[in-house]
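Data block for model34.cif (mmCIF, C-alpha atoms):
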```
data_work
loop_
_atom_site.label_atom_id
_atom_site.label_comp_id
_atom_site.auth_asym_id
_atom_site.auth_seq_id
_atom_site.Cartn_x
_atom_site.Cartn_y
_atom_site.Cartn_z
CA MET A 1 0.49 3.74 -45.37
CA THR A 2 0.76 1.56 -48.53
CA VAL A 3 3.42 -0.69 -50.02
CA GLU A 4 4.09 -1.67 -53.66
CA SER A 5 3.53 -5.35 -54.47
CA PRO A 6 6.63 -6.85 -56.20
CA GLY A 7 6.28 -7.17 -59.99
CA THR A 8 2.81 -5.68 -60.17
CA GLY A 9 3.31 -1.99 -59.77
CA THR A 10 0.18 -1.88 -57.63
CA ARG A 11 0.07 -0.55 -54.13
CA SER A 12 -1.76 -2.17 -51.24
CA PRO A 13 -2.29 -1.22 -47.62
CA ALA A 14 0.63 -2.15 -45.39
CA GLU A 15 0.11 -4.60 -42.55
CA PRO A 16 -0.19 -2.74 -39.24
CA ALA A 17 2.89 -2.99 -37.06
CA ASP A 18 2.62 -5.42 -34.15
CA THR A 19 2.77 -3.18 -31.13
CA ARG A 20 2.28 -5.94 -28.60
CA GLN A 21 4.90 -6.80 -26.01
CA VAL A 22 4.10 -10.39 -25.13
CA ILE A 23 5.75 -11.74 -22.00
CA ARG A 24 5.51 -14.96 -20.03
CA PRO A 25 6.83 -16.08 -16.63
CA TYR A 26 10.49 -16.87 -16.11
CA GLY A 27 11.63 -19.86 -14.05
CA ASP A 28 14.73 -21.76 -15.14
CA THR A 29 15.20 -20.21 -18.59
CA THR A 30 13.82 -17.09 -20.26
CA GLY A 31 10.22 -17.48 -21.36
CA ASP A 32 9.79 -21.04 -20.06
CA GLY A 33 6.48 -20.18 -18.36
CA MET A 34 7.45 -21.74 -15.04
CA VAL A 35 5.83 -20.41 -11.87
CA GLN A 36 5.84 -21.28 -8.18
CA MET A 37 2.84 -20.93 -5.90
CA SER A 38 1.94 -21.87 -2.35
CA PHE A 39 -1.34 -22.76 -0.65
CA THR A 40 -2.80 -24.77 2.22
CA LEU A 41 -5.36 -27.57 1.89
CA PRO A 42 -7.55 -28.78 4.78
CA VAL A 43 -6.37 -32.40 4.53
CA PRO A 44 -3.76 -34.49 6.40
CA ALA A 45 -0.32 -34.66 4.80
CA GLY A 46 0.39 -37.68 2.59
CA LYS A 47 0.26 -39.00 -0.95
CA ARG A 48 -3.47 -38.39 -1.24
CA ALA A 49 -2.96 -34.79 -0.18
CA ASP A 50 -0.19 -34.43 -2.78
CA ALA A 51 -2.57 -35.73 -5.45
CA ALA A 52 -5.17 -33.16 -4.37
CA ALA A 53 -2.60 -30.38 -4.63
CA LEU A 54 -1.61 -31.47 -8.15
CA GLN A 55 -5.25 -31.66 -9.22
CA LEU A 56 -5.79 -28.10 -7.98
CA ALA A 57 -2.64 -26.94 -9.78
CA ALA A 58 -3.86 -28.51 -13.02
CA LYS A 59 -7.21 -26.74 -12.72
CA MET A 60 -5.32 -23.48 -12.25
CA GLY A 61 -3.49 -24.04 -15.54
CA LEU A 62 -0.16 -25.53 -14.39
CA ASP A 63 0.80 -28.37 -16.72
CA PRO A 64 3.01 -30.16 -15.94
CA ALA A 65 3.22 -29.45 -12.21
CA SER A 66 5.05 -30.99 -9.29
CA VAL A 67 4.84 -30.71 -5.52
CA VAL A 68 8.26 -29.46 -4.41
CA HIS A 69 7.36 -29.00 -0.74
CA ALA A 70 4.63 -30.34 1.53
CA LYS A 71 4.54 -29.74 5.27
CA PRO A 72 1.90 -30.75 7.82
CA MET A 73 0.18 -27.85 9.55
CA GLY A 74 -1.20 -29.78 12.48
CA PRO A 75 -3.07 -33.07 11.97
CA ASP A 76 -5.65 -31.81 9.47
CA PHE A 77 -3.89 -29.29 7.20
CA THR A 78 -1.01 -29.39 4.72
CA PHE A 79 1.02 -26.51 3.30
CA PHE A 80 2.21 -26.97 -0.30
CA ILE A 81 4.63 -25.32 -2.68
CA VAL A 82 3.94 -26.35 -6.28
CA TYR A 83 6.15 -25.69 -9.31
CA GLY A 84 4.75 -25.91 -12.81
CA LYS A 85 4.36 -24.47 -16.27
CA VAL A 86 1.61 -22.13 -17.43
CA GLY A 87 0.64 -21.33 -20.99
CA HIS A 88 -0.76 -17.90 -20.25
CA LEU A 89 0.74 -14.82 -21.87
CA VAL A 90 0.59 -11.14 -20.94
CA ASP A 91 0.58 -8.23 -23.38
CA TYR A 92 2.74 -5.87 -21.33
CA ALA A 93 2.33 -2.99 -23.80
CA SER A 94 -1.44 -2.94 -23.21
CA ILE A 95 -1.08 -2.36 -19.45
CA PRO A 96 -1.61 1.32 -18.58
CA VAL A 97 1.25 3.14 -16.91
CA PRO A 98 0.30 3.82 -13.26
CA GLU A 99 -0.41 7.41 -12.38
CA GLU A 100 2.48 9.42 -11.03
CA ARG A 101 2.45 10.60 -7.43
CA ALA A 102 0.19 13.65 -7.26
CA TYR A 103 2.56 15.51 -4.96
CA PRO A 104 6.36 16.01 -4.78
CA LEU A 105 8.51 13.94 -2.43
CA LEU A 106 9.83 16.41 0.14
CA THR A 107 12.84 16.46 2.43
CA SER A 108 12.33 16.69 6.19
CA GLN A 109 13.49 20.32 6.02
CA GLU A 110 10.88 21.17 3.39
CA VAL A 111 8.16 19.42 5.39
CA ASN A 112 9.08 21.27 8.58
CA GLN A 113 9.25 24.65 6.88
CA ALA A 114 5.89 24.15 5.16
CA ILE A 115 4.17 23.20 8.42
CA ARG A 116 5.72 26.12 10.31
CA ARG A 117 4.74 28.56 7.58
CA ALA A 118 1.13 27.35 7.33
CA LEU A 119 0.20 26.41 10.89
CA ASN A 120 2.59 28.22 13.19
CA ARG A 121 2.28 25.13 15.41
CA ARG A 122 3.16 21.46 15.21
CA LEU A 123 1.07 19.18 13.01
CA VAL A 124 -0.48 16.46 15.21
CA VAL A 125 -0.52 12.84 14.02
CA VAL A 126 -2.12 9.99 15.98
CA GLY A 127 -1.22 6.47 14.88
CA ALA A 128 -2.31 2.97 15.88
CA CYS A 129 -2.97 -0.63 14.92
CA ILE A 130 -6.67 -1.22 15.50
CA GLY A 131 -8.79 -4.25 16.29
CA THR A 132 -6.94 -7.43 17.22
CA ASP A 133 -3.94 -6.49 15.07
CA ALA A 134 -0.81 -6.78 17.23
CA HIS A 135 1.67 -6.18 14.39
CA THR A 136 3.20 -2.76 15.04
CA VAL A 137 6.00 -3.11 12.49
CA GLY A 138 4.09 -1.04 9.93
CA ILE A 139 3.03 1.85 12.14
CA ASP A 140 6.43 1.91 13.87
CA ALA A 141 8.22 2.07 10.52
CA ILE A 142 6.35 5.27 9.69
CA LEU A 143 6.24 6.92 13.12
CA ASN A 144 9.32 5.87 15.09
CA VAL A 145 12.58 7.80 14.78
CA LYS A 146 14.38 4.69 13.50
CA GLY A 147 12.04 4.73 10.51
CA PHE A 148 12.26 2.45 7.50
CA ALA A 149 14.49 1.89 4.46
CA GLY A 150 17.08 4.37 5.70
CA GLU A 151 14.53 7.12 6.34
CA LYS A 152 13.74 8.44 9.81
CA GLY A 153 10.12 8.28 10.94
CA LEU A 154 7.76 11.17 11.62
CA GLU A 155 9.00 11.52 15.20
CA TYR A 156 12.19 12.91 13.67
CA TYR A 157 10.32 15.81 12.05
CA ARG A 158 10.56 18.82 14.36
CA GLU A 159 7.20 20.25 13.33
CA ILE A 160 5.23 16.99 13.67
CA GLN A 161 3.88 15.86 17.03
CA VAL A 162 3.45 12.07 17.01
CA VAL A 163 1.18 10.06 19.29
CA ASN A 164 1.79 6.32 18.73
CA MET A 165 -0.92 4.35 20.51
CA GLY A 166 0.59 0.98 19.59
CA ALA A 167 -1.29 -2.26 18.95
CA GLN A 168 -4.80 -3.63 19.48
CA VAL A 169 -6.36 -0.21 19.93
CA THR A 170 -10.16 -0.15 19.80
CA VAL A 171 -11.90 2.25 17.46
CA PRO A 172 -13.57 4.19 20.30
CA GLU A 173 -10.17 4.59 21.99
CA LEU A 174 -8.67 5.90 18.76
CA VAL A 175 -11.47 8.39 18.18
CA GLU A 176 -11.30 9.60 21.78
CA ARG A 177 -7.52 10.09 21.66
CA ALA A 178 -7.65 11.84 18.29
CA LYS A 179 -10.21 14.30 19.66
CA ALA A 180 -8.23 14.84 22.85
CA GLU A 181 -5.05 15.58 20.88
CA ASP A 182 -6.92 17.69 18.31
CA ALA A 183 -5.29 15.52 15.66
CA ASP A 184 -4.73 16.78 12.14
CA ALA A 185 -4.30 13.23 10.84
CA VAL A 186 -4.92 9.67 12.00
CA LEU A 187 -2.64 6.93 10.67
CA VAL A 188 -3.82 3.33 10.97
CA SER A 189 -1.75 0.26 10.08
CA GLN A 190 -3.42 -3.06 9.30
CA VAL A 191 -1.31 -6.16 8.72
CA VAL A 192 -3.65 -8.94 9.89
CA THR A 193 -5.84 -9.96 6.95
CA GLN A 194 -7.67 -13.13 7.94
CA ARG A 195 -11.21 -13.02 6.60
CA ASN A 196 -10.56 -9.47 5.37
CA ALA A 197 -10.25 -8.18 8.92
CA HIS A 198 -8.20 -5.24 7.63
CA LEU A 199 -11.12 -4.08 5.49
CA HIS A 200 -13.75 -4.52 8.18
CA ASN A 201 -11.61 -2.73 10.78
CA THR A 202 -10.88 0.17 8.45
CA LYS A 203 -14.53 0.63 7.49
CA GLN A 204 -15.51 0.59 11.16
CA MET A 205 -12.84 3.16 11.98
CA ALA A 206 -13.85 5.45 9.10
CA ALA A 207 -17.54 5.22 10.00
CA ALA A 208 -16.78 6.14 13.61
CA PHE A 209 -14.83 9.25 12.61
CA HIS A 210 -17.47 10.35 10.11
CA ALA A 211 -20.12 9.93 12.80
CA GLU A 212 -18.04 11.84 15.36
CA TYR A 213 -17.50 14.76 12.95
CA PRO A 214 -20.86 14.94 11.12
CA THR A 215 -20.39 18.50 9.86
CA ALA A 216 -16.90 17.93 8.46
CA VAL A 217 -16.38 18.88 4.83
CA ALA A 218 -13.46 16.51 4.26
CA GLY A 219 -10.28 15.18 5.83
CA GLY A 220 -8.41 18.09 7.38
CA MET A 221 -11.53 20.25 7.06
CA GLY A 222 -13.55 19.57 10.18
CA ARG A 223 -12.15 16.13 10.99
CA PRO A 224 -8.74 14.46 11.00
CA LEU A 225 -7.31 13.20 7.75
CA LEU A 226 -7.80 9.40 7.72
CA VAL A 227 -4.82 7.47 6.37
CA VAL A 228 -4.54 3.67 6.34
CA GLY A 229 -1.68 1.44 5.27
CA GLY A 230 -0.82 -2.22 4.92
CA PRO A 231 0.24 -4.92 2.45
CA ARG A 232 -3.23 -6.02 1.37
CA PHE A 233 -5.07 -2.84 0.41
CA ASP A 234 -4.16 -3.05 -3.29
CA THR A 235 -7.61 -4.32 -4.33
CA VAL A 236 -9.66 -1.45 -2.86
CA ALA A 237 -9.90 2.31 -3.29
CA GLU A 238 -10.23 5.04 -0.69
CA GLY A 239 -13.91 5.51 -1.45
CA ASP A 240 -14.60 1.85 -0.74
CA LEU A 241 -13.35 2.23 2.83
CA GLY A 242 -14.29 5.82 3.65
CA VAL A 243 -10.70 7.01 4.16
CA ASP A 244 -8.71 9.79 2.56
CA ARG A 245 -5.60 7.85 1.58
CA ILE A 246 -4.37 4.26 1.31
CA PHE A 247 -0.66 3.41 1.36
CA GLY A 248 0.61 -0.02 0.32
CA LYS A 249 3.66 -2.09 1.08
CA GLY A 250 7.04 -0.40 0.85
CA THR A 251 5.73 3.05 1.80
CA THR A 252 8.38 5.22 3.43
CA PRO A 253 8.02 7.94 6.10
CA ALA A 254 8.95 10.64 3.58
CA GLU A 255 6.04 9.63 1.34
CA VAL A 256 3.61 9.91 4.24
CA ALA A 257 5.04 13.23 5.45
CA SER A 258 4.92 14.64 1.93
CA TYR A 259 1.30 13.54 1.55
CA LEU A 260 0.32 15.20 4.83
CA VAL A 261 1.78 18.49 3.59
CA HIS A 262 0.01 18.09 0.26
CA ALA A 263 -3.36 17.21 1.79
CA LEU A 264 -3.47 19.44 4.87
CA LEU A 265 -1.67 22.67 3.98
CA PRO A 266 -2.84 25.41 1.62
CA GLY A 267 -1.00 25.40 -1.69
CA GLU A 268 0.75 28.71 -1.10
CA ASN A 269 2.36 27.28 2.04
CA ARG A 270 3.79 24.18 0.42
CA PRO A 271 7.39 24.10 -0.84
CA GLY A 272 7.67 26.48 -3.75
CA GLY A 273 5.71 29.17 -1.91
CA PRO A 274 7.27 32.26 -0.30
CA PRO A 275 10.74 31.56 1.12
CA ASP A 276 11.11 30.85 4.83
CA ASP A 277 13.71 33.04 6.51
CA GLN A 278 14.20 30.58 9.37
CA GLU A 279 16.58 27.72 8.59
CA ASP A 280 15.63 24.21 9.68
CA GLU A 281 18.41 21.83 10.64
CA SER A 282 16.34 18.64 10.60
#
```
Turn the structure described in the file into structure tokens.
Amino acid sequence: MTVESPGTGTRSPAEPADTRQVIRPYGDTTGDGMVQMSFTLPVPAGKRADAAALQLAAKMGLDPASVVHAKPMGPDFTFFIVYGKVGHLVDYASIPVPEERAYPLLTSQEVNQAIRRALNRRLVVVGACIGTDAHTVGIDAILNVKGFAGEKGLEYYREIQVVNMGAQVTVPELVERAKAEDADAVLVSQVVTQRNAHLHNTKQMAAAFHAEYPTAVAGGMGRPLLVVGGPRFDTVAEGDLGVDRIFGKGTTPAEVASYLVHALLPGENRPGGPPDDQEDES
């Protein structure tokens, strides 16, 4: 594209349009660059500790910064909340749009009909929190009837048999129970993240299942489908851990149920295949 220069009659290339979408953090007013962050330092609370927190904030690019909250965590640690301004910008337009879900979100009726059509039996799911993790809120949100975010858990699905082993389950116990139940899928929730315990536990679990089913082709083909979920898995991929699927924070039971249908059932038996003459009320 060219434009005509005024008074010259000549034409020159036009300046390319600025396609950037530059954004910056919002605190008190739009675009003021203010952010809030929290951290703990291994020092006793006091003015010297506050100075250390501000020095760290400055090195992280907050200028000016202020300590808005400092609380002792025992005699040798202090928890801080720091508020400050950053000069960093983000070109939002350059960020790729995340991939869409690779499978449709199904209703409980569609899930039940697909399982009945394909398996002619109930789909077996074994779930647990492994290692020292005693936080069952994640696995219960997916499995228990009460569910999460207004959705009922997998126990509500008529064609899914749920075995919830609860918290602090060892990997050998999980493998043994999955084999005894002839599980189609194993769901593991990991909330505890100190020293990346969630990653170590998941790798150990995956390795144990791969060793127990050495001739398996893939998840659902010779061994149970391995599914893990938790709030801190956003920095790793399935291949890094040896599992078939990772779900992050905010995952609902319907998403998990829909994935199980997508991953475990032949395509012709998923919703959209031949109609099922038997109505499902759930």
Give me, as a ChimeraX atom specification, all polymer residues having an atom no more than 6 Å from segment 82-86 of chain A, counting all atoms listed in the file and skipping those fewer than 4 positions away in the same chain. /A:33-37,61-68
Selection result of the PyMOL selection byres ((chain A and resi 75) around 9) on this file, as a PyMOL selection string: chain A and resi 43-45+72-74+76-78
List as an mmCIF file with C-alpha atoms, keeping the file's coordinate frame the protein and nucleic acid residues near Leu264 of chain A, meaning an atom at most 9 Å away when all atoms listed in the file are counted, but skip any in the same chain fewer than 6 places from it.
```
data_model
loop_
_atom_site.group_PDB
_atom_site.id
_atom_site.type_symbol
_atom_site.label_atom_id
_atom_site.label_comp_id
_atom_site.auth_asym_id
_atom_site.auth_seq_id
_atom_site.Cartn_x
_atom_site.Cartn_y
_atom_site.Cartn_z
ATOM 1 C CA ASP A 184 -4.730 16.780 12.140
ATOM 2 C CA ALA A 185 -4.300 13.230 10.840
ATOM 3 C CA GLY A 219 -10.280 15.180 5.830
ATOM 4 C CA GLY A 220 -8.410 18.090 7.380
ATOM 5 C CA MET A 221 -11.530 20.250 7.060
ATOM 6 C CA LEU A 225 -7.310 13.200 7.750
#
```
Using the chain letters and numbering of this document, enumerate as a ChimeraX atom specification the residues selected by the PyMOL selection byres ((chain A and resi 132-139) around 12). /A:125-131,140-148,153-155,162-171,186-194,197-198,200-202,227-231,247-253,256
Atom CA of Gly222 of chain A to atom CA of Arg117 of chain A, straight-line distance in Å: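 Between atom CA of Arg117 of chain A and atom CA of Gly222 of chain A the gap works out to 20.5 Å.
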Test item: the PyMOL selection byres ((chain A and resi 265) around 9) resolved as a VMD selection string: chain A and resid 114 to 115 118 to 119 220 260 to 264 266 to 270
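Relative to atom CA of Asp240 of chain A, atom CA of Pro214 of chain A is found at 18.7 Å.
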Which of A:Ala178, A:Leu199, A:Leu241, A:Leu123 sits closest to Tyr157 of chain A [using all atoms listed in the file]: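 Of A:Ala178, A:Leu199, A:Leu241, A:Leu123, the one nearest Tyr157 of chain A, counting all atoms listed in the file, is A:Leu123.
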Calculate how many Å separate atom CA of Ala254 of chain A from atom CA of Thr107 of chain A, rounding to one decimal.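 Taking atom CA of Ala254 of chain A as the start and atom CA of Thr107 of chain A as the end point, the length is 7.1 Å.
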For segment 195-211 of chain A, I'd like the enclosing box, axis-aligned and padded by 8 Å on every side, reported as lines of an AutoDock Vina configuration file with centre and edge lengths in Å to one decimal.
```
center_x = -14.2
center_y = -1.3
center_z = 9.5
size_x = 27.9
size_y = 39.4
size_z = 24.2
```
Contacts of Glu255 of chain A at 9 Å (only C-alpha atoms; same-chain gap of 5+ positions) as a PyMOL selection string: chain A and resi 104-106+260
Surrounding residues of Ala70 of chain A excluding itself and chain neighbours under 5 positions, 7 Å, all atoms listed in the file, as a PyMOL selection string: chain A and resi 78-81
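Nearest to Val124 of chain A of all the residues A:Ala257, A:Ala218, A:Ala237, A:Ile160 is A:Ile160, counting all atoms listed in the file.
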Taking all atoms listed in the file into account, produce a table as JSON lines in which each residue of segment 66-157 of chain A with an atom at most 10 Å from an atom of segment 18-23 of chain A appears once, together with its shortest atom pair and the distance in Å to one decimal, ordered by chain and rising number.
```
{"residue": "A:His88", "atom": "CA", "partner": "A:Ile23", "partner_atom": "CA", "distance": 9.1}
{"residue": "A:Leu89", "atom": "CA", "partner": "A:Ile23", "partner_atom": "CA", "distance": 5.9}
{"residue": "A:Val90", "atom": "CA", "partner": "A:Ile23", "partner_atom": "CA", "distance": 5.3}
{"residue": "A:Asp91", "atom": "CA", "partner": "A:Val22", "partner_atom": "CA", "distance": 4.5}
{"residue": "A:Tyr92", "atom": "CA", "partner": "A:Gln21", "partner_atom": "CA", "distance": 5.2}
{"residue": "A:Ala93", "atom": "CA", "partner": "A:Gln21", "partner_atom": "CA", "distance": 5.1}
{"residue": "A:Ser94", "atom": "CA", "partner": "A:Arg20", "partner_atom": "CA", "distance": 7.2}
{"residue": "A:Ile95", "atom": "CA", "partner": "A:Gln21", "partner_atom": "CA", "distance": 9.9}
```
Can you work out which one of A:Arg158, A:Ala102, A:Asn196, A:Thr215 has the shortest atom-to-atom distance to Arg116 of chain A, counting all atoms listed in the file? A:Arg158
